[in-house]
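Below is one structure, written out as structure tokens; the observations come after it.
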Amino acid sequence: MFLGAIEAGANFFAGYPITPSSEILVLAAERAAKDPSFKFIQSEDEIAAANAIMGASLAGAKSFTATAGPGFSLMQEAIGYGHQVEIPTVIINGQRVGPATGMPTMPAQEDILQSRYGSSGDYFPIVFYPGSVAECYRYTIISFNAAEESLSPVILLSDAFLSHLNEVVDLESIKLETVPRTRPPLGTGQRTFTGLTHDEEGRARTADAKVHRQWYYKTKERNTKVAAKYPDFELSGNKQSDTLLISSGIVSRVISPLGSEFALFRPIRIFPMLGTELRQIADKYKTIAVIEANDGQYASLVETELHRDVVRVPILGGRITLELAKEGLKQSLGREVS
Amino acid sequence: MYKDLLKLDLFPTSWCPGCGIGQIMIQLAMAMDELGLNHTNCTVISGVGCTGRVSGYMKVDGVYTLHGRTLPVAEAIKLVKPDLKVIVVSGDGDLASIGGNHLLHAARRNPDITVLCNNNNVYGLTGGQAGPTTPRDTKTLTTPDGAYYDPINLQNVMKSGAKYFYARTTVQHQLHLRNCVKEAINWPGFSFVDIACHCIENNGRRLGFNSAYEMLQHFRKTYTRAPAGATELGPNEIGIIRKT
């Protein structure tokens, strides 16, 4: 992910140590020590880190941070600020078992809803969740691009397994265009960047419903359009099966042997949800099951998206095994799983 | 001309009649004018609350941050754009309470930014609740029997650093205020200007003042200049202490 950020043109990182994302903080510190054009702050807390990347972005940098569940919670107010002020930046969140300090070294997918709804108010974030080291590289670049295109903070999810995964990747084979900065940096105009509801000139309009609606629908439409450029997912396994299993990140890797029996759908763009793509695929299957390392967070949204019941297979506690997935499926589907 | 640095088309401001924030903003504009600062070489960062509105009234790129988060934003901006003068204007509640941790650590890291603290001893915008700077025994909305705790000592917080610049002034002492702002901007490191200000509507009347003018007169009578060469300011002394 760090190399992907550099490839995307990132030149500012602020962060606070937290498992399983401290490695990115350390890499950023080492980079800054070698490359004076790369700026780095080890912040006093995640609140400061998240706000620092907002300031750095306004000042013209491509900025990012990396954290995990509890730190991600502290960053939520700044993420909402980034949406209100329309600040492009990237936030990496390596998910671990929670709530609170929970199980810091154990993988989970418990921040799915937090990545979509974690801050106050209505906003429309773009969220990616890659599933391999190669994809981590690719989707970090894509996240920076989507952030620039949407002028909003993009969330890049990982998990404690994926974050510590070693794989051999030919980075040369992953070539993507990078989107340059478009907004002129601070020190070039007389603009006001405010977290208050504001008109196009940045003037506070805190009691004007029309201005708020215009802002909200403008950003929703823009983020929808940008997200539509990245309708990324993987469909694999036995497509003739009558059952479709939906999973992402570490869970997809663990349950991949089930592909001999079931069709497997792995969304990479988690939010905005893959609507048309998911519906067209799901229509072909009698049963839809969402297997995830949380208690049905994504399943509830898949249900809403498809307007039909889906089977929930939660695997909690960070021990994510094929046996637990099979056992959960057996109970939910009422039949043996080979 | 300092007026060229103000968005006069947005006037009247959102502040109450008699508010002291306008005086801080005008003295900042005058200081910037005298130092040759404008939208090409300066940015103003403000926090939430009445003081937060300053950035929106100045003809420079301004950032109105989240509650308490001026300093992380300002420090990052300075790091990315070192040639830009970065001036933070924020309230005492914003800087010393919700942003207190950032204040400790920004001061420790000592970036070249200037902080103007509108210190009115109260949370004014939200109606007059006790803040970190409210003097002991003061009655506010949240301390009906008087404030229970002693206020934070911002001077000592700043002096805890290996290097520091701490100025105390008031909105009544306008020339002194402007000079403090200018010296702070020219200081090559983290500089903090603690500006005693009044909030007539949500603090002063409860304290028994009839007008903003009375509160200003109170500053005039109770604040004195620190002796030359002072290394510590007494409770009601205005002046500058610094250490390179």
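Going by the structure tokens order, chains are called A, B, ..., each with residues numbered from 1, while ligands are numbered from 1 in the order shown.
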Go through chain B and flag each residue having an atom no more than 6 Å from chain A; for those, report the closest pair of atoms plus their distance in Å to one decimal, using only C-alpha atoms, ordered by chain and rising number, as JSON lines.
{"residue": "B:His39", "atom": "CA", "partner": "A:Gly187", "partner_atom": "CA", "distance": 5.6}
{"residue": "B:Thr40", "atom": "CA", "partner": "A:Gly187", "partner_atom": "CA", "distance": 4.8}
{"residue": "B:Asn41", "atom": "CA", "partner": "A:Gly187", "partner_atom": "CA", "distance": 5.7}
{"residue": "B:Gly56", "atom": "CA", "partner": "A:Thr192", "partner_atom": "CA", "distance": 5.5}
{"residue": "B:Lys59", "atom": "CA", "partner": "A:Gln190", "partner_atom": "CA", "distance": 5.0}
{"residue": "B:Val60", "atom": "CA", "partner": "A:Gln190", "partner_atom": "CA", "distance": 4.2}
{"residue": "B:Asp61", "atom": "CA", "partner": "A:Gln190", "partner_atom": "CA", "distance": 4.4}
{"residue": "B:Gly62", "atom": "CA", "partner": "A:Thr192", "partner_atom": "CA", "distance": 4.7}
{"residue": "B:Val63", "atom": "CA", "partner": "A:Phe193", "partner_atom": "CA", "distance": 4.7}
{"residue": "B:Tyr64", "atom": "CA", "partner": "A:Thr194", "partner_atom": "CA", "distance": 4.5}
{"residue": "B:Pro72", "atom": "CA", "partner": "A:Ala52", "partner_atom": "CA", "distance": 4.9}
{"residue": "B:Val73", "atom": "CA", "partner": "A:Gly55", "partner_atom": "CA", "distance": 4.3}
{"residue": "B:Ala76", "atom": "CA", "partner": "A:Ala56", "partner_atom": "CA", "distance": 5.0}
{"residue": "B:Ile77", "atom": "CA", "partner": "A:Ala56", "partner_atom": "CA", "distance": 5.1}
Could you give me, as a ChimeraX atom specification, the residues within 6 Å of Gly47 of chain B, counting only C-alpha atoms and dropping anything in the same chain fewer than 3 positions from it?
-> /B:52,64-65,67,70,90
Would you mind listing what lies within 8 Å of Ala66 of chain A as a list in words, with only C-alpha atoms counted and same-chain residues fewer than 3 positions away left out?
->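 What passes the distance filter is Gly15, Ser21, Ser22, Ile24, Leu25, Ile91, Ile92, Asn93 and Gly94 of chain A.
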Would you mind exporting N, CA and C atoms of the selected residues as a PDB file, in the first residue's frame?
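What follows is the written file again30.pdb:
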ATOM      1  N   GLY A  15       0.502  10.082  10.835  1.00  0.00           N
ATOM      2  CA  GLY A  15      -0.071   8.886  11.430  1.00  0.00           C
ATOM      3  C   GLY A  15       0.342   8.709  12.869  1.00  0.00           C
ATOM      4  N   SER A  21      -1.228  -1.392  11.417  1.00  0.00           N
ATOM      5  CA  SER A  21      -0.879  -0.436  10.358  1.00  0.00           C
ATOM      6  C   SER A  21       0.410   0.330  10.610  1.00  0.00           C
ATOM      7  N   SER A  22       1.086   0.048  11.727  1.00  0.00           N
ATOM      8  CA  SER A  22       2.297   0.805  12.071  1.00  0.00           C
ATOM      9  C   SER A  22       3.385   0.685  11.009  1.00  0.00           C
ATOM     10  N   ILE A  24       3.221   0.987   7.893  1.00  0.00           N
ATOM     11  CA  ILE A  24       3.120   2.067   6.905  1.00  0.00           C
ATOM     12  C   ILE A  24       3.696   3.359   7.490  1.00  0.00           C
ATOM     13  N   LEU A  25       3.399   3.595   8.772  1.00  0.00           N
ATOM     14  CA  LEU A  25       3.957   4.764   9.478  1.00  0.00           C
ATOM     15  C   LEU A  25       5.487   4.736   9.431  1.00  0.00           C
ATOM     16  N   ILE A  91      -7.439   7.347   3.377  1.00  0.00           N
ATOM     17  CA  ILE A  91      -7.317   6.804   4.732  1.00  0.00           C
ATOM     18  C   ILE A  91      -7.320   5.276   4.638  1.00  0.00           C
ATOM     19  N   ILE A  92      -6.224   4.675   5.092  1.00  0.00           N
ATOM     20  CA  ILE A  92      -6.107   3.213   5.075  1.00  0.00           C
ATOM     21  C   ILE A  92      -6.503   2.689   6.452  1.00  0.00           C
ATOM     22  N   ASN A  93      -7.369   1.707   6.484  1.00  0.00           N
ATOM     23  CA  ASN A  93      -7.808   1.150   7.760  1.00  0.00           C
ATOM     24  C   ASN A  93      -7.630  -0.360   7.765  1.00  0.00           C
ATOM     25  N   GLY A  94      -6.665  -0.847   8.562  1.00  0.00           N
ATOM     26  CA  GLY A  94      -6.460  -2.286   8.725  1.00  0.00           C
ATOM     27  C   GLY A  94      -7.374  -2.787   9.832  1.00  0.00           C
TER      28      GLY A  94
END
From a DSSP pass on the backbone, collect the residues of segment 125-291 of chain A flagged as helix (DSSP H, G or I) and hand them back as a count of residues only.
-> 63
Spatial neighbours of Ser338 of chain A, 8 Å, only C-alpha atoms, chain gap at least 6 places, as a PDB file with N, CA and C atoms, in the first residue's frame:
ATOM      1  N   LEU A 258     -14.189 -23.330  -1.423  1.00  0.00           N
ATOM      2  CA  LEU A 258     -15.625 -23.558  -1.592  1.00  0.00           C
ATOM      3  C   LEU A 258     -16.078 -23.275  -3.019  1.00  0.00           C
ATOM      4  N   GLU A 261     -17.821 -25.845  -5.202  1.00  0.00           N
ATOM      5  CA  GLU A 261     -19.245 -26.136  -5.006  1.00  0.00           C
ATOM      6  C   GLU A 261     -20.128 -24.908  -5.249  1.00  0.00           C
ATOM      7  N   LYS A 326     -17.669 -23.471   6.584  1.00  0.00           N
ATOM      8  CA  LYS A 326     -18.485 -24.636   6.203  1.00  0.00           C
ATOM      9  C   LYS A 326     -19.574 -24.907   7.241  1.00  0.00           C
TER      10      LYS A 326
END
Selection near Phe265 of chain A, 8 Å with only C-alpha atoms, sequence-local residues under 4 positions removed, as a JSON list (two decimals) with N, CA and C atoms, in the first residue's frame:
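Saved result, around_14.json, follows:
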[["chain", "number", "residue", "atom", "x", "y", "z"],
["A", 233, "PHE", "N", -14.97, -6.04, -9.13],
["A", 233, "PHE", "CA", -15.33, -7.22, -8.34],
["A", 233, "PHE", "C", -14.71, -8.43, -9.01],
["A", 234, "GLU", "N", -14.80, -9.58, -8.33],
["A", 234, "GLU", "CA", -14.32, -10.82, -8.92],
["A", 234, "GLU", "C", -15.43, -11.86, -8.79],
["A", 235, "LEU", "N", -15.76, -12.49, -9.90],
["A", 235, "LEU", "CA", -16.75, -13.57, -9.88],
["A", 235, "LEU", "C", -16.02, -14.84, -10.25],
["A", 236, "SER", "N", -16.07, -15.84, -9.36],
["A", 236, "SER", "CA", -15.32, -17.07, -9.63],
["A", 236, "SER", "C", -16.08, -18.26, -9.05],
["A", 244, "LEU", "N", -24.82, -18.35, -4.31],
["A", 244, "LEU", "CA", -23.73, -17.39, -4.50],
["A", 244, "LEU", "C", -23.20, -16.98, -3.14],
["A", 245, "LEU", "N", -21.90, -17.14, -2.94],
["A", 245, "LEU", "CA", -21.29, -16.71, -1.68],
["A", 245, "LEU", "C", -20.60, -15.36, -1.90],
["A", 246, "ILE", "N", -20.93, -14.40, -1.07],
["A", 246, "ILE", "CA", -20.31, -13.07, -1.16],
["A", 246, "ILE", "C", -19.35, -12.90, 0.00],
["A", 247, "SER", "N", -18.13, -12.51, -0.32],
["A", 247, "SER", "CA", -17.14, -12.27, 0.75],
["A", 247, "SER", "C", -16.07, -11.35, 0.20]]
Who sits within 8 Å of segment 191-204 of chain B, only C-alpha atoms, same chain under 3 positions skipped, as a ChimeraX atom specification = /B:16,18-21,112-120,122,124-125,127-128,140,154,158,164-171,177,180-181,184-185,187,207-212,215-216
I need the chosen residues saved as a tab-separated table (two decimals), in the first residue's frame, with N, CA and C atoms.
chain	number	residue	atom	x	y	z
B	16	CYS	N	-21.70	39.50	17.76
B	16	CYS	CA	-22.63	40.38	18.49
B	16	CYS	C	-22.08	41.81	18.51
B	18	GLY	N	-20.50	44.87	20.01
B	18	GLY	CA	-19.64	44.99	21.19
B	18	GLY	C	-18.62	43.88	21.33
B	19	CYS	N	-18.67	42.89	20.45
B	19	CYS	CA	-17.74	41.75	20.53
B	19	CYS	C	-16.30	42.22	20.27
B	20	GLY	N	-15.36	41.54	20.91
B	20	GLY	CA	-13.96	41.94	20.75
B	20	GLY	C	-13.22	41.23	19.63
B	21	ILE	N	-13.84	40.24	19.02
B	21	ILE	CA	-13.12	39.47	17.99
B	21	ILE	C	-12.78	40.35	16.79
B	112	ASP	N	7.01	26.72	12.57
B	112	ASP	CA	6.99	28.18	12.44
B	112	ASP	C	5.58	28.67	12.12
B	113	ILE	N	4.69	28.58	13.12
B	113	ILE	CA	3.34	29.10	12.94
B	113	ILE	C	2.99	30.01	14.11
B	114	THR	N	2.04	30.90	13.87
B	114	THR	CA	1.63	31.88	14.89
B	114	THR	C	0.20	31.59	15.32
B	115	VAL	N	-0.01	31.59	16.63
B	115	VAL	CA	-1.34	31.31	17.17
B	115	VAL	C	-1.85	32.55	17.91
B	116	LEU	N	-3.01	33.05	17.49
B	116	LEU	CA	-3.66	34.13	18.23
B	116	LEU	C	-4.83	33.51	18.98
B	117	CYS	N	-4.77	33.59	20.30
B	117	CYS	CA	-5.81	32.96	21.12
B	117	CYS	C	-6.75	34.03	21.66
B	118	ASN	N	-7.99	33.99	21.17
B	118	ASN	CA	-9.02	34.88	21.71
B	118	ASN	C	-9.46	34.30	23.04
B	119	ASN	N	-8.94	34.88	24.12
B	119	ASN	CA	-9.16	34.32	25.45
B	119	ASN	C	-10.22	35.14	26.18
B	120	ASN	N	-11.48	34.66	26.11
B	120	ASN	CA	-12.56	35.40	26.78
B	120	ASN	C	-13.11	34.65	27.98
B	122	VAL	N	-14.56	31.90	28.44
B	122	VAL	CA	-15.88	31.27	28.41
B	122	VAL	C	-16.13	30.65	27.04
B	124	GLY	N	-18.32	31.11	24.43
B	124	GLY	CA	-19.28	32.18	24.11
B	124	GLY	C	-20.35	31.74	23.14
B	125	LEU	N	-19.94	31.13	22.02
B	125	LEU	CA	-20.91	30.81	20.96
B	125	LEU	C	-22.03	29.92	21.47
B	127	GLY	N	-23.29	29.74	24.34
B	127	GLY	CA	-24.19	30.34	25.31
B	127	GLY	C	-23.56	30.75	26.62
B	128	GLY	N	-22.30	30.37	26.87
B	128	GLY	CA	-21.65	30.83	28.09
B	128	GLY	C	-21.39	29.73	29.10
B	140	THR	N	-21.09	30.55	35.55
B	140	THR	CA	-21.40	30.38	34.13
B	140	THR	C	-22.61	29.45	34.06
B	154	LEU	N	-1.82	29.11	30.68
B	154	LEU	CA	-1.28	28.99	29.33
B	154	LEU	C	0.18	29.42	29.26
B	158	MET	N	3.19	27.07	27.79
B	158	MET	CA	4.15	27.46	26.76
B	158	MET	C	5.58	27.40	27.28
B	164	TYR	N	10.28	28.84	23.28
B	164	TYR	CA	8.89	29.30	23.31
B	164	TYR	C	8.80	30.79	23.02
B	165	PHE	N	7.60	31.20	22.61
B	165	PHE	CA	7.25	32.62	22.47
B	165	PHE	C	5.85	32.74	23.01
B	166	TYR	N	5.71	33.48	24.11
B	166	TYR	CA	4.38	33.67	24.70
B	166	TYR	C	4.17	35.16	24.91
B	167	ALA	N	3.10	35.69	24.35
B	167	ALA	CA	2.75	37.10	24.56
B	167	ALA	C	1.37	37.16	25.19
B	168	ARG	N	1.20	38.10	26.11
B	168	ARG	CA	-0.15	38.34	26.63
B	168	ARG	C	-0.51	39.79	26.37
B	169	THR	N	-1.71	40.00	25.88
B	169	THR	CA	-2.16	41.36	25.58
B	169	THR	C	-3.68	41.39	25.73
B	170	THR	N	-4.29	42.52	25.45
B	170	THR	CA	-5.75	42.59	25.54
B	170	THR	C	-6.30	43.37	24.34
B	171	VAL	N	-7.59	43.22	24.10
B	171	VAL	CA	-8.18	43.94	22.97
B	171	VAL	C	-8.30	45.44	23.28
B	177	LEU	N	-1.35	45.03	21.21
B	177	LEU	CA	-1.85	43.81	20.57
B	177	LEU	C	-1.23	43.65	19.18
B	180	CYS	N	2.42	42.78	19.38
B	180	CYS	CA	2.58	41.37	19.78
B	180	CYS	C	2.36	40.46	18.58
B	181	VAL	N	1.33	40.76	17.78
B	181	VAL	CA	1.02	39.94	16.61
B	181	VAL	C	2.18	39.99	15.62
B	184	ALA	N	5.11	38.09	16.94
B	184	ALA	CA	4.82	36.65	16.90
B	184	ALA	C	4.99	36.12	15.48
B	185	ILE	N	4.48	36.87	14.50
B	185	ILE	CA	4.60	36.43	13.10
B	185	ILE	C	6.07	36.35	12.69
B	187	TRP	N	8.51	35.71	14.67
B	187	TRP	CA	9.24	34.74	15.49
B	187	TRP	C	9.47	33.45	14.69
B	207	LEU	N	-21.54	38.52	34.68
B	207	LEU	CA	-20.54	38.95	35.65
B	207	LEU	C	-20.86	40.31	36.24
B	208	GLY	N	-21.89	41.00	35.68
B	208	GLY	CA	-22.29	42.30	36.23
B	208	GLY	C	-21.89	43.49	35.39
B	209	PHE	N	-21.29	43.26	34.22
B	209	PHE	CA	-20.96	44.37	33.33
B	209	PHE	C	-22.20	44.78	32.54
B	210	ASN	N	-22.33	46.08	32.33
B	210	ASN	CA	-23.50	46.57	31.60
B	210	ASN	C	-23.25	46.71	30.11
B	211	SER	N	-21.99	46.80	29.73
B	211	SER	CA	-21.69	47.01	28.31
B	211	SER	C	-20.29	46.49	28.00
B	212	ALA	N	-20.04	46.34	26.70
B	212	ALA	CA	-18.70	45.95	26.26
B	212	ALA	C	-17.70	47.03	26.68
B	215	MET	N	-16.40	46.48	30.01
B	215	MET	CA	-15.44	45.37	30.07
B	215	MET	C	-14.07	45.83	29.57
B	216	LEU	N	-14.08	46.66	28.52
B	216	LEU	CA	-12.80	47.19	28.01
B	216	LEU	C	-12.15	48.07	29.07
Quick one: DSSP strand (DSSP E or B) residues in segment 31-200 of chain B, as a count of residues only?
-> 43
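For segment 277-285 of chain A, the residues within 8 Å (counting only C-alpha atoms, excluding itself and residues fewer than 3 positions away along the chain) are Pro231, Ser241, Asp242, Thr243, Leu244, Leu274, Ile288, Glu305 and Leu306 of chain A.
Atom to atom, atom CA of Lys7 of chain B and atom CA of Arg213 of chain A stand 26.0 Å apart.
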